$ cat start14.csv   # CSV, C-alpha atoms
chain,number,residue,atom,x,y,z
A,81,MET,CA,0.0,0.0,0.0
A,82,ASN,CA,1.6,3.2,-1.2
A,83,LYS,CA,0.9,5.9,1.4
A,84,TYR,CA,1.9,8.7,-1.1
A,85,ILE,CA,-1.4,8.0,-2.9
A,86,LEU,CA,-3.2,9.4,0.1
A,87,ASN,CA,-1.5,12.8,-0.2
A,88,THR,CA,-3.9,15.7,-0.7
A,89,GLY,CA,-2.8,16.6,-4.2
A,90,VAL,CA,-3.0,13.0,-5.4
A,91,GLN,CA,-6.5,12.6,-3.9
A,92,GLU,CA,-7.7,15.8,-5.5
A,93,PHE,CA,-6.5,14.6,-8.9
A,94,ILE,CA,-8.2,11.3,-8.5
A,95,ILE,CA,-11.5,12.9,-7.5
A,96,ASN,CA,-11.4,15.4,-10.4
A,97,ASN,CA,-10.1,12.9,-13.1
A,98,TRP,CA,-11.6,9.5,-12.4
A,99,ASN,CA,-13.4,9.6,-15.7
A,100,THR,CA,-10.5,10.8,-17.8
A,101,ASP,CA,-8.8,8.9,-20.6
A,102,ILE,CA,-6.3,6.5,-18.8
A,103,MET,CA,-3.9,6.4,-21.7
A,104,SER,CA,-3.4,10.2,-21.5
A,105,VAL,CA,-2.5,9.8,-17.8
A,106,LEU,CA,0.0,6.9,-18.6
A,107,LEU,CA,1.8,8.9,-21.3
A,108,LYS,CA,2.5,11.9,-19.0
A,109,LYS,CA,5.6,12.4,-17.0
A,110,GLN,CA,5.3,11.5,-13.3
A,111,GLN,CA,3.1,14.1,-11.7
A,112,PHE,CA,3.4,13.3,-8.0
A,113,THR,CA,6.3,12.3,-5.7
A,114,GLY,CA,6.3,8.6,-4.9
A,115,VAL,CA,3.4,7.8,-7.3
A,116,THR,CA,4.1,6.5,-10.7
A,117,GLN,CA,1.7,7.2,-13.6
A,118,LYS,CA,0.8,3.5,-13.7
A,119,ALA,CA,-0.2,3.5,-10.0
A,120,LEU,CA,-2.2,6.7,-10.5
A,121,SER,CA,-4.0,5.3,-13.5
A,122,GLU,CA,-4.8,2.1,-11.5
A,123,GLN,CA,-6.5,4.3,-8.8
A,124,LEU,CA,-8.5,6.1,-11.5
A,125,GLU,CA,-9.6,2.9,-13.3
A,126,ALA,CA,-10.7,1.2,-10.0
A,127,LYS,CA,-12.6,4.3,-8.8
A,128,LYS,CA,-14.4,4.5,-12.1
A,129,LYS,CA,-15.5,0.8,-11.7
A,130,CYS,CA,-16.9,1.7,-8.3
A,131,LYS,CA,-19.2,4.4,-9.5
A,132,ASP,CA,-22.3,2.2,-10.0
A,133,LYS,CA,-21.1,-1.0,-8.3
A,134,LEU,CA,-19.8,0.4,-5.1
A,135,PRO,CA,-21.2,3.9,-4.6
A,136,THR,CA,-20.3,4.1,-0.9
A,137,TRP,CA,-16.6,3.7,-1.7
A,138,PHE,CA,-16.9,6.0,-4.8
A,139,LYS,CA,-18.4,8.8,-2.8
A,140,THR,CA,-16.2,8.5,0.3
A,141,ALA,CA,-13.1,10.7,0.4
A,142,GLN,CA,-9.6,9.2,1.0
A,143,ILE,CA,-10.6,5.7,-0.2
A,144,TYR,CA,-7.6,3.6,-1.3
A,145,TYR,CA,-8.5,1.5,-4.4
A,146,PRO,CA,-6.9,-1.9,-5.1
A,147,ASN,CA,-6.3,-3.3,-8.6
A,148,LYS,CA,-9.4,-3.0,-10.8
A,149,LEU,CA,-9.6,-6.8,-11.0
A,150,ASN,CA,-10.4,-6.9,-7.2
A,151,ILE,CA,-13.3,-4.5,-7.9
A,152,GLU,CA,-14.5,-6.7,-10.8
A,153,GLN,CA,-14.5,-9.8,-8.7
A,154,THR,CA,-16.2,-8.4,-5.6
A,155,SER,CA,-19.9,-8.3,-4.8
A,156,SER,CA,-21.9,-5.2,-5.7
A,157,GLU,CA,-23.2,-3.2,-2.8
A,158,THR,CA,-26.7,-4.3,-3.6
A,159,THR,CA,-26.0,-8.0,-3.5
A,160,ALA,CA,-23.7,-7.6,-0.5
A,161,GLN,CA,-26.4,-5.8,1.4
A,162,TYR,CA,-28.9,-8.6,0.5
A,163,LYS,CA,-26.6,-11.2,2.2
A,164,THR,CA,-27.1,-9.5,5.5
A,165,THR,CA,-30.7,-10.6,5.5
A,166,ILE,CA,-29.5,-14.2,5.7
A,167,VAL,CA,-27.0,-14.1,8.6
A,168,ALA,CA,-27.6,-13.3,12.3
A,169,GLY,CA,-25.7,-13.6,15.6
A,170,ASN,CA,-22.6,-12.0,17.2
A,171,THR,CA,-19.6,-13.3,15.2
A,172,LEU,CA,-18.9,-14.0,11.5
A,173,LEU,CA,-15.7,-15.0,9.7
A,174,ASP,CA,-15.2,-13.9,6.1
A,175,LEU,CA,-12.8,-16.6,5.1
A,176,THR,CA,-12.0,-15.1,1.7
A,177,GLY,CA,-12.3,-11.3,2.5
A,178,GLY,CA,-10.9,-9.7,-0.6
A,179,PHE,CA,-11.6,-6.0,-0.9
A,180,GLY,CA,-14.0,-6.3,2.0
A,181,VAL,CA,-17.4,-5.3,0.5
A,182,ASP,CA,-19.3,-8.3,2.0
A,183,SER,CA,-17.5,-7.9,5.4
A,184,TYR,CA,-18.4,-4.2,5.4
A,185,PHE,CA,-22.1,-4.9,5.2
A,186,PHE,CA,-22.0,-8.0,7.5
A,187,SER,CA,-20.5,-5.6,10.1
A,188,GLN,CA,-23.7,-3.6,10.1
A,189,LYS,CA,-25.6,-6.7,11.2
A,190,ILE,CA,-23.0,-8.7,13.1
A,191,LYS,CA,-21.3,-7.5,16.3
A,192,ALA,CA,-17.8,-8.8,15.4
A,193,VAL,CA,-16.6,-9.6,11.8
A,194,TYR,CA,-13.2,-11.3,11.1
A,195,HIS,CA,-11.8,-10.6,7.6
A,196,CYS,CA,-9.2,-13.1,6.4
A,197,GLU,CA,-7.2,-12.2,3.2
A,198,LEU,CA,-4.1,-14.0,2.1
A,199,ASN,CA,-2.8,-11.1,0.0
A,200,GLU,CA,-1.1,-8.8,2.6
A,201,ASN,CA,-1.4,-5.7,0.5
A,202,LEU,CA,-5.1,-6.2,-0.1
A,203,SER,CA,-5.7,-6.9,3.6
A,204,GLU,CA,-3.9,-3.7,4.5
A,205,ILE,CA,-6.1,-1.8,2.0
A,206,ALA,CA,-9.3,-3.3,3.3
A,207,GLN,CA,-8.3,-2.5,6.9
A,208,TYR,CA,-7.5,1.1,6.0
A,209,ASN,CA,-10.8,1.6,4.1
A,210,PHE,CA,-12.8,0.0,7.0
A,211,ASP,CA,-11.3,2.7,9.3
A,212,ILE,CA,-12.2,5.5,6.8
A,213,LEU,CA,-15.7,4.1,6.5
A,214,GLY,CA,-16.1,4.0,10.3
A,215,ARG,CA,-16.4,0.2,10.6
A,216,LYS,CA,-14.6,-0.4,13.8
A,217,ASN,CA,-15.9,-3.9,14.5
A,218,ILE,CA,-14.0,-5.6,11.6
A,219,THR,CA,-10.7,-7.3,12.4
A,220,CYS,CA,-8.5,-7.9,9.4
A,221,ILE,CA,-6.2,-10.9,9.4
A,222,ALA,CA,-3.6,-11.1,6.6
A,223,GLU,CA,-3.5,-14.9,6.5
A,224,ASN,CA,-5.0,-18.0,4.7
A,225,GLY,CA,-8.5,-18.3,6.2
A,226,LEU,CA,-8.3,-22.0,6.6
A,227,GLU,CA,-4.9,-21.8,8.5
A,228,PHE,CA,-6.4,-19.1,10.7
A,229,LEU,CA,-9.4,-21.3,11.4
A,230,ALA,CA,-7.3,-24.3,12.3
A,231,LYS,CA,-5.5,-22.5,15.1
A,232,THR,CA,-8.0,-20.0,16.4
A,233,GLU,CA,-9.9,-20.8,19.6
A,234,LEU,CA,-12.8,-18.7,18.4
A,235,ASP,CA,-16.2,-20.1,17.3
A,236,PHE,CA,-18.4,-18.3,14.8
A,237,ASP,CA,-22.1,-18.0,14.3
A,238,TRP,CA,-21.5,-17.9,10.6
A,239,ILE,CA,-18.6,-18.5,8.2
A,240,PHE,CA,-18.9,-16.8,4.8
A,241,ILE,CA,-16.8,-18.2,1.9
A,242,ASP,CA,-16.4,-16.9,-1.7
A,243,PRO,CA,-14.2,-19.5,-3.3
A,244,SER,CA,-12.2,-18.5,-6.4
A,245,ARG,CA,-11.9,-20.6,-9.5
A,246,ARG,CA,-8.5,-22.1,-10.0
A,247,ASN,CA,-9.0,-22.6,-13.7
A,248,ASP,CA,-10.8,-19.8,-15.5
A,249,ALA,CA,-10.8,-21.9,-18.7
A,250,LYS,CA,-13.6,-24.1,-17.2
A,251,GLU,CA,-16.5,-22.1,-18.6
A,252,LYS,CA,-19.6,-24.2,-18.2
A,253,VAL,CA,-19.6,-26.6,-15.3
A,254,PHE,CA,-17.1,-26.7,-12.5
A,255,PHE,CA,-16.7,-28.3,-9.1
A,256,LEU,CA,-16.2,-26.6,-5.7
A,257,SER,CA,-13.3,-28.9,-5.3
A,258,ASP,CA,-11.7,-27.0,-8.2
A,259,CYS,CA,-11.8,-23.8,-6.3
A,260,LEU,CA,-9.7,-22.1,-3.6
A,261,PRO,CA,-10.3,-22.8,-0.8
A,262,ASN,CA,-11.4,-26.3,-1.4
A,263,VAL,CA,-14.6,-26.2,0.7
A,264,PRO,CA,-15.7,-29.9,0.3
A,265,GLU,CA,-12.3,-31.1,1.5
A,266,ASN,CA,-12.4,-28.8,4.5
A,267,LEU,CA,-16.0,-29.3,5.7
A,268,ALA,CA,-15.0,-31.0,8.9
A,269,LEU,CA,-12.7,-28.1,9.9
A,270,LEU,CA,-15.4,-25.5,9.0
A,271,PHE,CA,-18.1,-27.3,11.0
A,272,SER,CA,-15.7,-27.6,14.0
A,273,LYS,CA,-15.9,-23.8,14.2
A,274,SER,CA,-19.4,-23.0,13.1
A,275,LYS,CA,-22.7,-24.7,12.5
A,276,SER,CA,-23.7,-22.4,9.6
A,277,LEU,CA,-21.9,-21.7,6.4
A,278,LEU,CA,-22.8,-19.2,3.7
A,279,ILE,CA,-21.1,-19.9,0.4
A,280,LYS,CA,-21.2,-17.7,-2.6
A,281,THR,CA,-20.6,-19.3,-6.0
A,282,SER,CA,-20.9,-18.4,-9.7
A,283,PRO,CA,-24.3,-19.1,-11.3
A,284,LEU,CA,-22.4,-21.6,-13.4
A,285,LEU,CA,-22.3,-24.1,-10.6
A,286,ASP,CA,-24.8,-26.9,-11.2
A,287,PHE,CA,-27.2,-27.5,-8.3
A,288,THR,CA,-26.7,-31.3,-8.3
A,289,ILE,CA,-22.9,-30.9,-8.2
A,290,GLY,CA,-23.0,-28.4,-5.4
A,291,ILE,CA,-25.4,-30.5,-3.3
A,292,ASN,CA,-23.3,-33.6,-3.8
A,293,GLU,CA,-20.1,-31.8,-2.8
A,294,LEU,CA,-21.5,-29.8,0.2
A,295,LYS,CA,-23.6,-32.7,1.6
A,296,PHE,CA,-25.6,-30.6,4.2
A,297,VAL,CA,-27.2,-28.0,1.9
A,298,LYS,CA,-30.2,-26.4,3.6
A,299,GLU,CA,-31.1,-23.8,1.1
A,300,ILE,CA,-29.9,-22.5,-2.3
A,301,GLN,CA,-30.6,-18.8,-3.2
A,302,VAL,CA,-30.4,-17.5,-6.8
A,303,VAL,CA,-29.6,-13.8,-6.7
A,304,ALA,CA,-30.2,-11.6,-9.7
A,305,LEU,CA,-29.6,-7.9,-10.1
A,306,GLN,CA,-31.8,-6.1,-12.6
A,307,ASN,CA,-32.8,-9.5,-14.0
A,308,ASP,CA,-29.2,-10.6,-14.5
A,309,VAL,CA,-28.2,-13.6,-12.3
A,310,LYS,CA,-25.1,-12.6,-10.3
A,311,GLU,CA,-24.5,-15.4,-7.8
A,312,LEU,CA,-25.7,-18.5,-6.0
A,313,LEU,CA,-25.8,-18.5,-2.2
A,314,TRP,CA,-25.6,-21.9,-0.5
A,315,ILE,CA,-26.7,-22.1,3.1
A,316,VAL,CA,-25.1,-25.2,4.6
A,317,GLU,CA,-25.9,-26.3,8.1
A,318,LYS,CA,-24.0,-28.9,10.1
A,319,ASN,CA,-25.7,-32.4,9.8
A,320,TYR,CA,-28.7,-31.0,7.9
A,321,ASP,CA,-30.5,-33.8,6.1
A,322,LYS,CA,-34.1,-32.5,5.5
A,323,GLU,CA,-35.7,-31.0,2.4
A,324,ILE,CA,-33.7,-28.4,0.4
A,325,LYS,CA,-35.4,-25.1,-0.3
A,326,VAL,CA,-34.7,-22.9,-3.3
A,327,LYS,CA,-35.3,-19.2,-3.1
A,328,THR,CA,-35.0,-16.8,-6.1
A,329,ILE,CA,-34.4,-13.1,-5.6
A,330,ASN,CA,-34.4,-10.5,-8.3
A,331,LEU,CA,-33.2,-7.1,-7.0
A,332,SER,CA,-34.1,-3.9,-8.8
A,333,LYS,CA,-34.3,-0.2,-7.9
A,334,SER,CA,-38.0,-0.3,-7.5
A,335,LYS,CA,-38.7,-3.6,-5.8
A,336,THR,CA,-37.5,-7.1,-4.9
A,337,GLU,CA,-39.1,-10.1,-6.5
A,338,THR,CA,-38.9,-13.4,-4.6
A,339,PHE,CA,-40.1,-16.9,-5.2
A,340,GLU,CA,-39.5,-20.1,-3.1
A,341,PHE,CA,-40.1,-23.8,-3.8
A,342,ALA,CA,-38.9,-27.1,-2.5
A,343,LEU,CA,-36.4,-28.6,-4.8
A,344,ASN,CA,-37.7,-32.2,-4.7
A,345,ASN,CA,-41.3,-31.0,-5.4
A,346,GLU,CA,-40.4,-29.6,-8.8
A,347,LYS,CA,-40.2,-33.1,-10.2
A,348,LYS,CA,-43.6,-34.1,-8.8
A,349,VAL,CA,-45.6,-31.1,-10.2
A,350,VAL,CA,-47.6,-31.6,-13.3
A,351,SER,CA,-47.9,-28.6,-15.6
A,352,SER,CA,-51.2,-27.6,-17.1
A,353,LEU,CA,-50.9,-26.8,-20.8
A,354,SER,CA,-53.1,-24.6,-22.9
A,355,GLU,CA,-53.3,-22.4,-26.0
A,356,PRO,CA,-52.3,-18.8,-25.6
A,357,LEU,CA,-54.9,-17.0,-23.6
A,358,THR,CA,-55.2,-13.2,-22.8
A,359,TYR,CA,-52.0,-12.6,-20.9
A,360,LEU,CA,-48.4,-13.9,-21.3
A,361,TYR,CA,-45.9,-14.3,-18.4
A,362,GLU,CA,-42.1,-14.6,-18.7
A,363,PRO,CA,-40.3,-15.5,-15.4
A,364,ASN,CA,-37.4,-13.4,-14.3
A,365,SER,CA,-33.9,-14.8,-14.8
A,366,ALA,CA,-33.5,-16.0,-11.2
A,367,ILE,CA,-36.5,-18.3,-11.6
A,368,LEU,CA,-35.3,-19.6,-14.9
A,369,LYS,CA,-31.9,-20.3,-13.5
A,370,SER,CA,-33.5,-22.2,-10.5
A,371,GLY,CA,-35.3,-24.6,-12.8
A,372,ALA,CA,-38.7,-23.9,-11.1
A,373,PHE,CA,-40.5,-24.3,-14.5
A,374,LYS,CA,-43.4,-26.3,-13.1
A,375,SER,CA,-43.5,-24.9,-9.6
A,376,VAL,CA,-43.9,-21.3,-10.6
A,377,GLY,CA,-46.8,-22.1,-13.0
A,378,ASN,CA,-48.4,-24.2,-10.3
A,379,HIS,CA,-48.0,-21.6,-7.6
A,380,PHE,CA,-49.6,-18.9,-9.7
A,381,LYS,CA,-52.2,-21.2,-11.2
A,382,LEU,CA,-51.0,-20.5,-14.8
A,383,ASN,CA,-51.0,-22.7,-17.8
A,384,LYS,CA,-47.8,-23.3,-19.8
A,385,LEU,CA,-47.7,-22.9,-23.5
A,386,HIS,CA,-45.5,-26.0,-23.9
A,387,GLU,CA,-43.6,-28.2,-21.5
A,388,HIS,CA,-40.3,-26.8,-22.7
A,389,SER,CA,-41.2,-23.2,-23.6
A,390,HIS,CA,-41.3,-21.8,-20.0
A,391,LEU,CA,-43.8,-19.2,-21.0
A,392,TYR,CA,-47.1,-19.0,-19.1
A,393,THR,CA,-50.6,-17.7,-19.9
A,394,SER,CA,-53.9,-16.8,-18.2
A,395,ASN,CA,-57.2,-15.0,-18.9
A,396,ASP,CA,-57.0,-13.0,-15.6
A,397,LEU,CA,-54.2,-10.5,-15.0
A,398,LEU,CA,-52.0,-11.7,-12.1
A,399,ASP,CA,-49.1,-10.2,-10.2
A,400,PHE,CA,-46.0,-12.2,-11.2
A,401,PRO,CA,-42.2,-12.2,-10.6
A,402,GLY,CA,-41.2,-11.4,-14.2
A,403,ARG,CA,-42.5,-9.6,-17.3
A,404,ILE,CA,-46.2,-9.5,-18.1
A,405,PHE,CA,-47.7,-9.0,-21.5
A,406,LYS,CA,-51.1,-8.7,-23.2
A,407,ILE,CA,-51.3,-11.1,-26.2
A,408,ASP,CA,-52.5,-9.0,-29.1
A,409,ALA,CA,-52.3,-11.7,-31.8
A,410,VAL,CA,-51.3,-15.3,-32.2
A,411,ILE,CA,-49.7,-15.8,-35.6
A,412,PRO,CA,-48.8,-19.1,-37.3
A,413,PHE,CA,-45.0,-19.2,-38.0
A,414,ASN,CA,-44.9,-18.8,-41.8
A,415,LYS,CA,-43.4,-16.0,-43.9
A,416,LYS,CA,-46.6,-14.9,-45.5
A,417,GLU,CA,-48.6,-14.5,-42.2
A,418,ILE,CA,-45.7,-12.7,-40.5
A,419,GLN,CA,-45.2,-10.3,-43.4
A,420,LYS,CA,-48.9,-9.4,-43.3
A,421,GLN,CA,-48.3,-7.9,-39.8
A,422,LYS,CA,-45.9,-5.3,-41.4
A,423,ILE,CA,-43.7,-5.2,-38.3
A,424,VAL,CA,-40.7,-3.0,-38.8
A,425,LYS,CA,-39.6,-2.5,-35.2
A,426,ALA,CA,-40.0,-4.8,-32.2
A,427,ASN,CA,-38.4,-6.5,-29.1
A,428,ILE,CA,-37.9,-10.1,-30.0
A,429,THR,CA,-37.6,-13.1,-27.6
A,430,THR,CA,-37.3,-16.8,-28.6
A,431,ARG,CA,-38.3,-19.7,-26.2
A,432,ASN,CA,-38.1,-23.3,-27.4
A,433,PHE,CA,-37.7,-22.2,-30.9
A,434,PRO,CA,-35.3,-23.4,-33.7
A,435,GLU,CA,-34.2,-20.0,-35.0
A,436,SER,CA,-32.2,-17.3,-33.3
A,437,VAL,CA,-33.2,-13.7,-32.7
A,438,ALA,CA,-30.5,-12.5,-35.0
A,439,TYR,CA,-31.7,-14.8,-37.9
A,440,ILE,CA,-35.3,-13.7,-37.4
A,441,ARG,CA,-34.4,-10.0,-37.5
A,442,LYS,CA,-32.4,-10.4,-40.7
A,443,LYS,CA,-35.0,-12.6,-42.4
A,444,TYR,CA,-38.0,-10.3,-41.6
A,445,LYS,CA,-36.1,-7.0,-41.5
A,446,ILE,CA,-37.2,-6.1,-38.0
A,447,LYS,CA,-35.3,-3.5,-36.2
A,448,ASP,CA,-34.8,-3.6,-32.4
A,449,GLY,CA,-36.8,-1.6,-29.9
A,450,GLY,CA,-40.3,0.0,-29.8
A,451,HIS,CA,-43.4,-0.9,-27.9
A,452,THR,CA,-44.2,-4.2,-29.7
A,453,TYR,CA,-42.9,-7.5,-28.2
A,454,LEU,CA,-42.6,-10.6,-30.3
A,455,PHE,CA,-42.3,-14.1,-28.8
A,456,PHE,CA,-41.3,-16.8,-31.2
A,457,THR,CA,-42.1,-20.1,-29.5
A,458,THR,CA,-43.8,-23.6,-29.6
A,459,ASP,CA,-47.4,-24.0,-28.5
A,460,SER,CA,-49.0,-26.9,-26.7
A,461,ARG,CA,-49.7,-28.7,-30.1
A,462,ASP,CA,-46.0,-28.5,-31.0
A,463,LYS,CA,-46.7,-25.9,-33.6
A,464,LEU,CA,-44.3,-22.9,-34.1
A,465,VAL,CA,-46.1,-19.7,-33.4
A,466,LEU,CA,-45.5,-15.9,-33.1
A,467,LEU,CA,-47.1,-14.1,-30.2
A,468,LYS,CA,-47.5,-10.4,-30.8
A,469,CYS,CA,-47.7,-8.7,-27.5
A,470,SER,CA,-47.7,-5.4,-25.6
A,471,LYS,CA,-46.2,-4.9,-22.2
A,472,VAL,CA,-48.6,-4.6,-19.3
A,473,GLN,CA,-47.8,-1.8,-16.8
A,474,PHE,CA,-49.1,-3.8,-13.8
A,475,ALA,CA,-48.9,-1.9,-10.5
A,476,THR,CA,-46.1,-4.1,-9.1
A,477,SER,CA,-44.6,-5.6,-12.3
A,478,PRO,CA,-41.0,-4.9,-13.2
A,479,SER,CA,-40.3,-2.0,-15.6

$ encode --input "start14.csv" --output "structure tokens"
Amino acid sequence: MNKYILNTGVQEFIINNWNTDIMSVLLKKQQFTGVTQKALSEQLEAKKKCKDKLPTWFKTAQIYYPNKLNIEQTSSETTAQYKTTIVAGNTLLDLTGGFGVDSYFFSQKIKAVYHCELNENLSEIAQYNFDILGRKNITCIAENGLEFLAKTELDFDWIFIDPSRRNDAKEKVFFLSDCLPNVPENLALLFSKSKSLLIKTSPLLDFTIGINELKFVKEIQVVALQNDVKELLWIVEKNYDKEIKVKTINLSKSKTETFEFALNNEKKVVSSLSEPLTYLYEPNSAILKSGAFKSVGNHFKLNKLHEHSHLYTSNDLLDFPGRIFKIDAVIPFNKKEIQKQKIVKANITTRNFPESVAYIRKKYKIKDGGHTYLFFTTDSRDKLVLLKCSKVQFATSPS
């Protein structure tokens, strides 16, 4: 941690130039004693990344920023704040502390938070920023979290873990045993110090793989921000062997959409199919990621258009965790019928459909945008159809 970066002149430059062209800063001669242009540009880049993701840090004077990669890898303020609704008690260990965003918000709910970070420089930065932000109940430990856990006499109400991928080349499916720390391998140690674990993983982790590796999963939470799934949260409880609950959360500026179901029940539910009725419902991304394709329709008493389309319909307008549309026309999928509609601009979605959005736009010369919504899908008779829709401004539906 370079203390020269905290000098008044340097800090004023960062505040006034965070949105400047980085290359122009790098090409200048060194402007400040003890601070290279590279170090200065790194502060500017990291601060810029915090503007929307970490506004508390962005707006606070004298914050010291780490490498921009640390900012990219950390939780957003919104998702970090959500995690505080899960935990309770007096003590929490953040086993993989990083920049400290999760620890910061946990400290607003938990009396004593312990922040472990193997990178000594990042640990020092986190401790400095906690002091600037007024969080006096966080203890930073520049050490491997598992090694600290093995020798400490402390017990914790919760242990929070955000494992990092060892191999970034594994793009689709990965195992927790491929991550650092290796949580499955160290469950006995973790449970010797706490009965409750909260584990954050990428949405790419398959439910079945995670359940098999973690053994005592009590709940899986799928967290989306503005309809973009950001993370899975695994609540793991010592010796838990009952039904696993899945909760979906879609956080937006105006509201929070939630939906819960029992994982085992999803296989037992039988969907009701029908032709398109008056309204069309598209679940939010958290629900789609959770695989609650039957449960969500059953809960809201909606019919599915097709077993594999994951679009729902009803005659009565219902509140729903996703987008809601009025079906204005049901059009058979053939070129002549579609051209009759004379659609030049529309928002296009495909569900259980053989052609891509890009291909459809090119074939029918339809520009993106406007107030018309087109759903290309398969109906209950296995026929390809186009649903021409308009969005419903339901009182509590997402914008």

$ closest_atom_pairs --input "start14.csv" --of "segment 274-360 of chain A" --to "segment 156-168 of chain A" --cutoff "8 Å" --atoms "all atoms listed in the file" --output "Markdown table"
| residue | atom | partner | partner_atom | distance |
| --- | --- | --- | --- | --- |
| A:Val303 | CA | A:Thr159 | CA | 7.5 |
| A:Leu305 | CA | A:Thr159 | CA | 7.5 |
| A:Leu331 | CA | A:Thr158 | CA | 7.9 |

$ residues_around --input "start14.csv" --residues "Val349 of chain A" --least-positions-apart "6" --cutoff "9 Å" --atoms "only C-alpha atoms" --output "PDB file with C-alpha atoms, keeping the file's coordinate frame"
ATOM      1  CA  LYS A 374     -43.400 -26.300 -13.100  1.00  0.00           C
ATOM      2  CA  SER A 375     -43.500 -24.900  -9.600  1.00  0.00           C
ATOM      3  CA  ASN A 378     -48.400 -24.200 -10.300  1.00  0.00           C
TER       4      ASN A 378
END

$ closest_residue --input "start14.csv" --among "A:Lys384, A:Lys468, A:Lys443, A:Lys425" --to "Asp408 of chain A" --atoms "all atoms listed in the file"
A:Lys468

$ residues_around --input "start14.csv" --residues "segment 235-246 of chain A" --least-positions-apart "3" --cutoff "6 Å" --atoms "only C-alpha atoms" --output "VMD selection string"
chain A and resid 169 171 to 176 259 to 261 273 to 274 276 to 280

$ residues_around --input "start14.csv" --residues "Gln419 of chain A" --least-positions-apart "5" --cutoff "10 Å" --atoms "only C-alpha atoms" --output "VMD selection string"
chain A and resid 414 424 444 to 445

$ closest_atom_pairs --input "start14.csv" --of "segment 292-351 of chain A" --to "segment 390-402 of chain A" --cutoff "12 Å" --atoms "only C-alpha atoms" --output "CSV"
residue,atom,partner,partner_atom,distance
A:Ala304,CA,A:Gly402,CA,11.9
A:Gln306,CA,A:Gly402,CA,10.9
A:Asn307,CA,A:Gly402,CA,8.6
A:Thr328,CA,A:Pro401,CA,9.7
A:Ile329,CA,A:Pro401,CA,9.3
A:Asn330,CA,A:Pro401,CA,8.3
A:Leu331,CA,A:Pro401,CA,11.0
A:Ser332,CA,A:Gly402,CA,11.7
A:Lys335,CA,A:Pro401,CA,10.5
A:Thr336,CA,A:Pro401,CA,9.0
A:Glu337,CA,A:Pro401,CA,5.6
A:Thr338,CA,A:Pro401,CA,7.0
A:Phe339,CA,A:Pro401,CA,7.5
A:Glu340,CA,A:Pro401,CA,11.2
A:Ser351,CA,A:Tyr392,CA,10.2

$ residues_near_point --input "start14.csv" --point "(-17.0, 0.0, -4.0)" --cutoff "10 Å" --atoms "only C-alpha atoms" --output "JSON, numbers by chain"
{"A": [126, 127, 128, 129, 130, 131, 132, 133, 134, 135, 136, 137, 138, 139, 140, 143, 145, 151, 152, 154, 155, 156, 157, 179, 180, 181]}

$ closest_residue --input "start14.csv" --among "A:Asp211, A:Gln153, A:Ser365, A:Leu269" --to "Lys231 of chain A" --atoms "only C-alpha atoms"
A:Leu269

$ atom_distance --input "start14.csv" --atom1 "atom CA of Ile85 of chain A" --atom2 "atom CA of Leu202 of chain A"
14.9 Å

$ atom_distance --input "start14.csv" --atom1 "atom CA of Ser460 of chain A" --atom2 "atom CA of Glu387 of chain A"
7.6 Å

$ atom_distance --input "start14.csv" --atom1 "atom CA of Tyr184 of chain A" --atom2 "atom CA of Leu313 of chain A"
17.8 Å

$ closest_residue --input "start14.csv" --among "A:Ser257, A:Ser183, A:Asn383, A:Gln111" --to "Leu353 of chain A" --atoms "only C-alpha atoms"
A:Asn383

$ residues_around --input "start14.csv" --residues "segment 216-219 of chain A" --least-positions-apart "4" --cutoff "8 Å" --atoms "all atoms listed in the file" --output "ChimeraX atom specification"
/A:183-184,187,191-195,207,210-211

$ closest_residue --input "start14.csv" --among "A:Asp258, A:Lys471, A:Phe93, A:Val410" --to "Phe456 of chain A" --atoms "only C-alpha atoms"
A:Val410

$ residues_near_point --input "start14.csv" --point "(-15.6, -29.2, -9.3)" --cutoff "9 Å" --atoms "all atoms listed in the file" --output "ChimeraX atom specification"
/A:253-259,285,289-290,293

$ closest_residue --input "start14.csv" --among "A:Ala409, A:Val316, A:Val302, A:Val465" --to "Gly371 of chain A" --atoms "all atoms listed in the file"
A:Val302

$ residues_around --input "start14.csv" --residues "Leu343 of chain A" --least-positions-apart "3" --cutoff "6 Å" --atoms "all atoms listed in the file" --output "list of chain:residue names"
A:Ile324, A:Lys325, A:Glu346

$ closest_residue --input "start14.csv" --among "A:Ile411, A:Ile315, A:Ile367, A:Leu124" --to "Asn99 of chain A" --atoms "all atoms listed in the file"
A:Leu124
